[in-house]
$ cat data33.csv   # CSV, C-alpha atoms
chain,number,residue,atom,x,y,z
A,1,MET,CA,33.9,36.8,20.0
A,2,ALA,CA,32.9,39.2,22.7
A,3,LYS,CA,35.7,40.4,24.9
A,4,GLU,CA,33.8,42.3,27.6
A,5,LYS,CA,33.9,42.4,31.4
A,6,LEU,CA,30.8,40.3,31.7
A,7,GLU,CA,30.1,37.6,34.2
A,8,LYS,CA,30.0,34.6,31.9
A,9,THR,CA,26.7,32.7,31.9
A,10,ASN,CA,26.4,29.0,31.1
A,11,ALA,CA,25.3,30.0,27.5
A,12,ILE,CA,28.4,32.1,27.0
A,13,ARG,CA,30.7,29.5,28.4
A,14,ILE,CA,29.2,26.9,26.1
A,15,LEU,CA,29.5,29.1,23.0
A,16,GLU,CA,33.2,29.8,23.8
A,17,ARG,CA,34.0,26.1,24.6
A,18,GLU,CA,32.4,25.1,21.3
A,19,HIS,CA,34.1,27.9,19.3
A,20,ILE,CA,30.7,29.2,18.1
A,21,PRO,CA,30.8,32.8,16.9
A,22,TYR,CA,28.5,35.2,18.7
A,23,GLN,CA,28.1,38.8,19.6
A,24,HIS,CA,27.1,39.9,23.1
A,25,ARG,CA,24.7,42.8,23.4
A,26,SER,CA,23.5,44.4,26.6
A,27,TRP,CA,21.0,46.9,27.9
A,28,GLU,CA,22.1,47.7,31.4
A,29,LYS,CA,18.8,49.4,32.3
A,30,ALA,CA,16.9,46.2,31.7
A,31,THR,CA,14.8,44.7,34.4
A,32,LYS,CA,12.5,41.7,34.7
A,33,GLU,CA,9.6,44.0,34.1
A,34,HIS,CA,10.8,45.2,30.6
A,35,THR,CA,9.4,43.4,27.7
A,36,GLY,CA,11.3,41.8,24.9
A,37,VAL,CA,9.9,44.4,22.5
A,38,GLU,CA,11.5,47.1,24.7
A,39,MET,CA,14.7,45.2,24.8
A,40,ALA,CA,14.7,45.0,21.0
A,41,ALA,CA,14.1,48.7,20.7
A,42,ALA,CA,16.9,49.5,23.2
A,43,LEU,CA,19.3,47.4,21.1
A,44,GLY,CA,18.1,48.9,17.8
A,45,GLN,CA,16.9,45.5,16.5
A,46,PRO,CA,13.6,44.7,14.8
A,47,PRO,CA,11.4,42.7,17.2
A,48,GLU,CA,11.0,39.9,14.7
A,49,GLN,CA,14.8,39.2,15.0
A,50,VAL,CA,14.8,39.1,18.8
A,51,PHE,CA,13.6,35.8,20.2
A,52,LYS,CA,12.2,35.0,23.7
A,53,THR,CA,12.6,31.6,25.3
A,54,LEU,CA,9.5,30.0,26.9
A,55,VAL,CA,9.4,26.9,28.9
A,56,THR,CA,6.3,24.7,29.0
A,57,VAL,CA,5.1,21.4,30.4
A,58,GLY,CA,3.2,18.8,28.3
A,59,LYS,CA,0.2,16.7,29.4
A,60,SER,CA,2.8,13.9,29.6
A,61,GLY,CA,4.8,15.8,32.2
A,62,GLU,CA,7.7,16.4,29.9
A,63,HIS,CA,9.1,19.9,29.6
A,64,TYR,CA,9.6,21.7,26.3
A,65,VAL,CA,11.4,24.9,25.3
A,66,PHE,CA,10.0,27.2,22.6
A,67,MET,CA,11.7,30.2,21.0
A,68,LEU,CA,9.7,32.8,19.2
A,69,PRO,CA,10.0,36.5,18.2
A,70,VAL,CA,9.4,38.8,21.3
A,71,ALA,CA,6.3,40.5,19.8
A,72,GLU,CA,4.6,37.2,19.0
A,73,THR,CA,2.5,34.9,21.2
A,74,LEU,CA,3.0,31.1,21.5
A,75,HIS,CA,0.2,29.2,19.9
A,76,LEU,CA,-0.3,26.4,22.4
A,77,LYS,CA,-2.0,24.0,20.0
A,78,LYS,CA,0.6,24.4,17.2
A,79,ALA,CA,3.4,24.1,19.9
A,80,ALA,CA,1.9,20.9,21.3
A,81,ALA,CA,1.6,19.5,17.8
A,82,ALA,CA,5.2,20.3,17.1
A,83,VAL,CA,6.4,18.2,20.0
A,84,GLY,CA,3.7,15.4,19.7
A,85,GLU,CA,1.8,16.4,22.8
A,86,LYS,CA,-2.0,16.6,23.2
A,87,ALA,CA,-1.6,19.8,25.2
A,88,ILE,CA,1.0,22.0,26.7
A,89,SER,CA,0.9,24.8,29.3
A,90,MET,CA,3.4,27.4,30.5
A,91,ILE,CA,5.3,26.5,33.6
A,92,LYS,CA,4.9,28.6,36.7
A,93,GLU,CA,7.5,31.3,37.1
A,94,LYS,CA,8.7,29.9,40.4
A,95,GLU,CA,9.5,26.6,38.7
A,96,LEU,CA,11.8,28.2,36.0
A,97,LEU,CA,15.0,28.7,38.0
A,98,PRO,CA,15.1,25.3,39.7
A,99,LEU,CA,14.3,23.6,36.3
A,100,THR,CA,16.5,25.5,34.0
A,101,GLY,CA,19.0,27.4,36.1
A,102,TYR,CA,17.8,30.7,34.6
A,103,VAL,CA,15.4,33.4,35.8
A,104,HIS,CA,12.3,34.9,34.1
A,105,GLY,CA,13.5,37.6,31.7
A,106,GLY,CA,17.0,36.0,31.4
A,107,CYS,CA,16.2,32.4,30.2
A,108,SER,CA,18.6,31.3,27.4
A,109,PRO,CA,17.8,28.2,25.3
A,110,ILE,CA,21.6,27.4,25.6
A,111,GLY,CA,23.0,26.0,28.8
A,112,MET,CA,20.0,25.0,30.7
A,113,LYS,CA,20.4,22.4,33.5
A,114,LYS,CA,19.0,19.8,31.2
A,115,LEU,CA,18.7,19.6,27.4
A,116,PHE,CA,15.0,19.8,26.8
A,117,SER,CA,13.2,19.3,23.5
A,118,THR,CA,13.4,22.7,21.8
A,119,VAL,CA,11.4,24.2,19.0
A,120,MET,CA,12.3,27.5,17.3
A,121,ASP,CA,9.8,29.4,15.3
A,122,GLU,CA,10.5,28.9,11.6
A,123,SER,CA,10.6,32.7,11.0
A,124,ALA,CA,14.2,32.5,12.4
A,125,LEU,CA,15.3,30.9,9.2
A,126,GLN,CA,14.8,34.1,7.3
A,127,PHE,CA,17.7,35.8,9.3
A,128,GLU,CA,21.4,35.3,9.1
A,129,THR,CA,21.5,35.9,12.9
A,130,ILE,CA,18.9,36.3,15.7
A,131,LEU,CA,19.2,37.5,19.2
A,132,CYS,CA,18.3,35.4,22.3
A,133,SER,CA,18.9,35.7,26.0
A,134,ALA,CA,22.5,35.2,27.1
A,135,GLY,CA,21.2,33.9,30.4
A,136,LYS,CA,21.1,37.1,32.4
A,137,ILE,CA,18.5,39.9,32.3
A,138,GLY,CA,19.5,42.7,29.9
A,139,HIS,CA,22.1,40.5,28.1
A,140,GLN,CA,21.5,39.1,24.6
A,141,LEU,CA,23.5,36.8,22.3
A,142,GLU,CA,23.5,37.4,18.5
A,143,LEU,CA,24.2,34.3,16.6
A,144,ALA,CA,23.0,32.1,13.7
A,145,PRO,CA,19.9,30.1,14.2
A,146,SER,CA,21.9,27.1,13.0
A,147,ALA,CA,24.3,27.6,15.9
A,148,ILE,CA,21.4,27.4,18.4
A,149,GLN,CA,20.2,24.3,16.6
A,150,LYS,CA,23.6,22.7,16.9
A,151,LEU,CA,23.6,23.2,20.7
A,152,THR,CA,20.0,22.6,21.5
A,153,HIS,CA,19.1,20.1,18.7
A,154,CYS,CA,16.0,22.2,18.1
A,155,ILE,CA,13.5,21.8,15.3
A,156,PHE,CA,11.9,24.6,13.4
A,157,ALA,CA,8.1,24.9,13.2
A,158,ASP,CA,5.3,27.5,12.9
A,159,ILE,CA,4.5,28.0,16.6
A,160,THR,CA,3.0,31.5,16.7
A,161,GLN,CA,-0.5,32.8,16.6

$ encode --input "data33.csv" --output "structure tokens"
Amino acid sequence: MAKEKLEKTNAIRILEREHIPYQHRSWEKATKEHTGVEMAAALGQPPEQVFKTLVTVGKSGEHYVFMLPVAETLHLKKAAAAVGEKAISMIKEKELLPLTGYVHGGCSPIGMKKLFSTVMDESALQFETILCSAGKIGHQLELAPSAIQKLTHCIFADITQ
């Protein structure tokens, strides 16, 4: 487990409480304006192994979380089908912090204020570990997709364009 002088995020606290192995990686120069692809390059990771976390709202009003590789685009129709909605749309950036407890560019699928239905792109299954946000801009967690599934109860589906 990581033993760094890092302000622990909800995600890190949960991983440690549940004794789930992870590695913390950081890029101190990261800002909200940096892309996930830039983050992956700065950490020396292939972009298909670094996942972004997107929060959406369905036509029903329910919120959903989708995880996909940083260089990919969420396919809204596939994503809606994966969660049984007629349609979904991205939430507004200003809604993210009050809804999840995380900011844009630092949204982790682990440790949100509420456990939302979560879908991870099935491409994650080809990797022993993937990276996702640790809950703070510039900070990533490297862990097994199965560990994320254990904590978020996510399903795996083809959700990219």

$ closest_residue --input "data33.csv" --among "A:Leu97, A:Met90, A:Phe127, A:Tyr64" --to "Lys113 (chain A)" --atoms "all atoms listed in the file"
A:Leu97

$ closest_atom_pairs --input "data33.csv" --of "region 38-140 of chain A" --to "region 4-28 of chain A" --cutoff "6 Å" --atoms "only C-alpha atoms" --output "tab-separated table"
residue	atom	partner	partner_atom	distance
A:Ile110	CA	A:Ala11	CA	4.9
A:Gly111	CA	A:Ala11	CA	4.8
A:Ala134	CA	A:Ala11	CA	5.9
A:Gly135	CA	A:Thr9	CA	5.8
A:Gly138	CA	A:Trp27	CA	4.9
A:His139	CA	A:Ser26	CA	4.4
A:Gln140	CA	A:Arg25	CA	5.0

$ closest_residue --input "data33.csv" --among "A:Ala30, A:Val55, A:Leu151, A:Val119" --to "Leu43 (chain A)" --atoms "all atoms listed in the file"
A:Ala30

$ closest_residue --input "data33.csv" --among "A:Thr56, A:Gln161, A:Thr73, A:Gln49" --to "Ser89 (chain A)" --atoms "only C-alpha atoms"
A:Thr56

$ atom_distance --input "data33.csv" --atom1 "CA of Val83 (chain A)" --atom2 "CA of Lys32 (chain A)"
28.4 Å

$ residues_around --input "data33.csv" --residues "Phe116 (chain A)" --least-positions-apart "2" --cutoff "10 Å" --atoms "all atoms listed in the file" --output "list in words"
Val55, Glu62, His63, Tyr64, Val65, Phe66, Thr100, Pro109, Met112, Lys113, Lys114, Thr118, Val119, Thr152, His153 and Cys154 of chain A

$ atom_distance --input "data33.csv" --atom1 "CA of His75 (chain A)" --atom2 "CA of Leu54 (chain A)"
11.7 Å

$ closest_residue --input "data33.csv" --among "A:Met120, A:Gly105, A:Lys77, A:Thr35" --to "Ala157 (chain A)" --atoms "only C-alpha atoms"
A:Met120

$ residues_around --input "data33.csv" --residues "Ala87 (chain A)" --least-positions-apart "6" --cutoff "7 Å" --atoms "only C-alpha atoms" --output "list in words"
Gly58, Lys59, Lys77 and Ala80 of chain A

$ write_last_selection --input "data33.csv" --atoms "C-alpha atoms" --output "PDB file, keeping the file's coordinate frame"
ATOM      1  CA  GLY A  58       3.200  18.800  28.300  1.00  0.00           C
ATOM      2  CA  LYS A  59       0.200  16.700  29.400  1.00  0.00           C
ATOM      3  CA  LYS A  77      -2.000  24.000  20.000  1.00  0.00           C
ATOM      4  CA  ALA A  80       1.900  20.900  21.300  1.00  0.00           C
TER       5      ALA A  80
END

$ closest_residue --input "data33.csv" --among "A:Ala42, A:Ile159, A:Ala71, A:Phe51" --to "Leu143 (chain A)" --atoms "only C-alpha atoms"
A:Phe51

$ closest_residue --input "data33.csv" --among "A:Pro47, A:Ile130, A:Lys86, A:Pro69" --to "Glu142 (chain A)" --atoms "only C-alpha atoms"
A:Ile130

$ atom_distance --input "data33.csv" --atom1 "CA of His104 (chain A)" --atom2 "CA of Cys132 (chain A)"
13.2 Å

$ build_atoms --input "data33.csv" --residues "region 79-114 of chain A" --atoms "N, CA and C atoms" --output "mmCIF file, keeping the file's coordinate frame"
data_model
loop_
_atom_site.group_PDB
_atom_site.id
_atom_site.type_symbol
_atom_site.label_atom_id
_atom_site.label_comp_id
_atom_site.auth_asym_id
_atom_site.auth_seq_id
_atom_site.Cartn_x
_atom_site.Cartn_y
_atom_site.Cartn_z
ATOM 1 N N ALA A 79 2.207 24.520 19.104
ATOM 2 C CA ALA A 79 3.400 24.100 19.900
ATOM 3 C C ALA A 79 3.266 22.678 20.328
ATOM 4 N N ALA A 80 2.090 22.315 20.855
ATOM 5 C CA ALA A 80 1.900 20.900 21.300
ATOM 6 C C ALA A 80 2.023 19.969 20.135
ATOM 7 N N ALA A 81 1.459 20.320 18.993
ATOM 8 C CA ALA A 81 1.600 19.500 17.800
ATOM 9 C C ALA A 81 3.030 19.298 17.386
ATOM 10 N N ALA A 82 3.807 20.359 17.495
ATOM 11 C CA ALA A 82 5.200 20.300 17.100
ATOM 12 C C ALA A 82 6.034 19.335 17.910
ATOM 13 N N VAL A 83 5.621 19.114 19.165
ATOM 14 C CA VAL A 83 6.400 18.200 20.000
ATOM 15 C C VAL A 83 5.619 16.880 20.290
ATOM 16 N N GLY A 84 4.484 16.690 19.606
ATOM 17 C CA GLY A 84 3.700 15.400 19.700
ATOM 18 C C GLY A 84 2.963 15.280 21.018
ATOM 19 N N GLU A 85 2.565 16.394 21.605
ATOM 20 C CA GLU A 85 1.800 16.400 22.800
ATOM 21 C C GLU A 85 0.317 16.689 22.510
ATOM 22 N N LYS A 86 -0.590 16.218 23.375
ATOM 23 C CA LYS A 86 -2.000 16.600 23.200
ATOM 24 C C LYS A 86 -2.225 18.015 23.633
ATOM 25 N N ALA A 87 -1.493 18.447 24.672
ATOM 26 C CA ALA A 87 -1.600 19.800 25.200
ATOM 27 C C ALA A 87 -0.353 20.192 25.920
ATOM 28 N N ILE A 88 -0.077 21.486 25.935
ATOM 29 C CA ILE A 88 1.000 22.000 26.700
ATOM 30 C C ILE A 88 0.531 23.250 27.476
ATOM 31 N N SER A 89 1.234 23.601 28.537
ATOM 32 C CA SER A 89 0.900 24.800 29.300
ATOM 33 C C SER A 89 2.239 25.441 29.736
ATOM 34 N N MET A 90 2.207 26.730 30.004
ATOM 35 C CA MET A 90 3.400 27.400 30.500
ATOM 36 C C MET A 90 3.682 26.922 31.919
ATOM 37 N N ILE A 91 4.958 26.806 32.268
ATOM 38 C CA ILE A 91 5.300 26.500 33.600
ATOM 39 C C ILE A 91 5.119 27.699 34.510
ATOM 40 N N LYS A 92 4.990 27.497 35.795
ATOM 41 C CA LYS A 92 4.900 28.600 36.700
ATOM 42 C C LYS A 92 6.262 29.277 36.849
ATOM 43 N N GLU A 93 6.263 30.601 37.012
ATOM 44 C CA GLU A 93 7.500 31.300 37.100
ATOM 45 C C GLU A 93 8.448 30.813 38.166
ATOM 46 N N LYS A 94 7.886 30.416 39.298
ATOM 47 C CA LYS A 94 8.700 29.900 40.400
ATOM 48 C C LYS A 94 9.416 28.608 40.078
ATOM 49 N N GLU A 95 8.946 27.893 39.064
ATOM 50 C CA GLU A 95 9.500 26.600 38.700
ATOM 51 C C GLU A 95 10.712 26.807 37.686
ATOM 52 N N LEU A 96 10.817 27.997 37.086
ATOM 53 C CA LEU A 96 11.800 28.200 36.000
ATOM 54 C C LEU A 96 13.239 28.074 36.503
ATOM 55 N N LEU A 97 13.619 28.763 37.565
ATOM 56 C CA LEU A 97 15.000 28.700 38.000
ATOM 57 C C LEU A 97 15.449 27.320 38.451
ATOM 58 N N PRO A 98 14.663 26.603 39.285
ATOM 59 C CA PRO A 98 15.100 25.300 39.700
ATOM 60 C C PRO A 98 15.187 24.296 38.466
ATOM 61 N N LEU A 99 14.316 24.497 37.482
ATOM 62 C CA LEU A 99 14.300 23.600 36.300
ATOM 63 C C LEU A 99 15.375 23.881 35.325
ATOM 64 N N THR A 100 15.601 25.171 35.042
ATOM 65 C CA THR A 100 16.500 25.500 34.000
ATOM 66 C C THR A 100 17.842 26.132 34.418
ATOM 67 N N GLY A 101 17.857 26.724 35.607
ATOM 68 C CA GLY A 101 19.000 27.400 36.100
ATOM 69 C C GLY A 101 19.003 28.911 35.661
ATOM 70 N N TYR A 102 17.931 29.322 35.008
ATOM 71 C CA TYR A 102 17.800 30.700 34.600
ATOM 72 C C TYR A 102 16.532 31.340 35.176
ATOM 73 N N VAL A 103 16.547 32.691 35.267
ATOM 74 C CA VAL A 103 15.400 33.400 35.800
ATOM 75 C C VAL A 103 14.518 33.957 34.701
ATOM 76 N N HIS A 104 13.291 34.287 35.068
ATOM 77 C CA HIS A 104 12.300 34.900 34.100
ATOM 78 C C HIS A 104 12.942 36.200 33.613
ATOM 79 N N GLY A 105 12.957 36.368 32.305
ATOM 80 C CA GLY A 105 13.500 37.600 31.700
ATOM 81 C C GLY A 105 14.999 37.379 31.331
ATOM 82 N N GLY A 106 15.573 36.240 31.722
ATOM 83 C CA GLY A 106 17.000 36.000 31.400
ATOM 84 C C GLY A 106 17.185 34.504 31.081
ATOM 85 N N CYS A 107 16.183 33.881 30.493
ATOM 86 C CA CYS A 107 16.200 32.400 30.200
ATOM 87 C C CYS A 107 16.790 32.224 28.793
ATOM 88 N N SER A 108 17.951 31.603 28.731
ATOM 89 C CA SER A 108 18.600 31.300 27.400
ATOM 90 C C SER A 108 18.239 29.859 27.051
ATOM 91 N N PRO A 109 18.072 29.609 25.752
ATOM 92 C CA PRO A 109 17.800 28.200 25.300
ATOM 93 C C PRO A 109 19.125 27.399 25.415
ATOM 94 N N ILE A 110 20.251 28.079 25.565
ATOM 95 C CA ILE A 110 21.600 27.400 25.600
ATOM 96 C C ILE A 110 22.027 27.346 27.067
ATOM 97 N N GLY A 111 22.438 26.172 27.507
ATOM 98 C CA GLY A 111 23.000 26.000 28.800
ATOM 99 C C GLY A 111 22.068 25.802 29.968
ATOM 100 N N MET A 112 20.884 25.314 29.667
ATOM 101 C CA MET A 112 20.000 25.000 30.700
ATOM 102 C C MET A 112 20.502 23.771 31.512
ATOM 103 N N LYS A 113 19.979 23.535 32.697
ATOM 104 C CA LYS A 113 20.400 22.400 33.500
ATOM 105 C C LYS A 113 20.300 21.082 32.808
ATOM 106 N N LYS A 114 19.320 20.990 31.924
ATOM 107 C CA LYS A 114 19.000 19.800 31.200
ATOM 108 C C LYS A 114 18.725 20.162 29.755
#
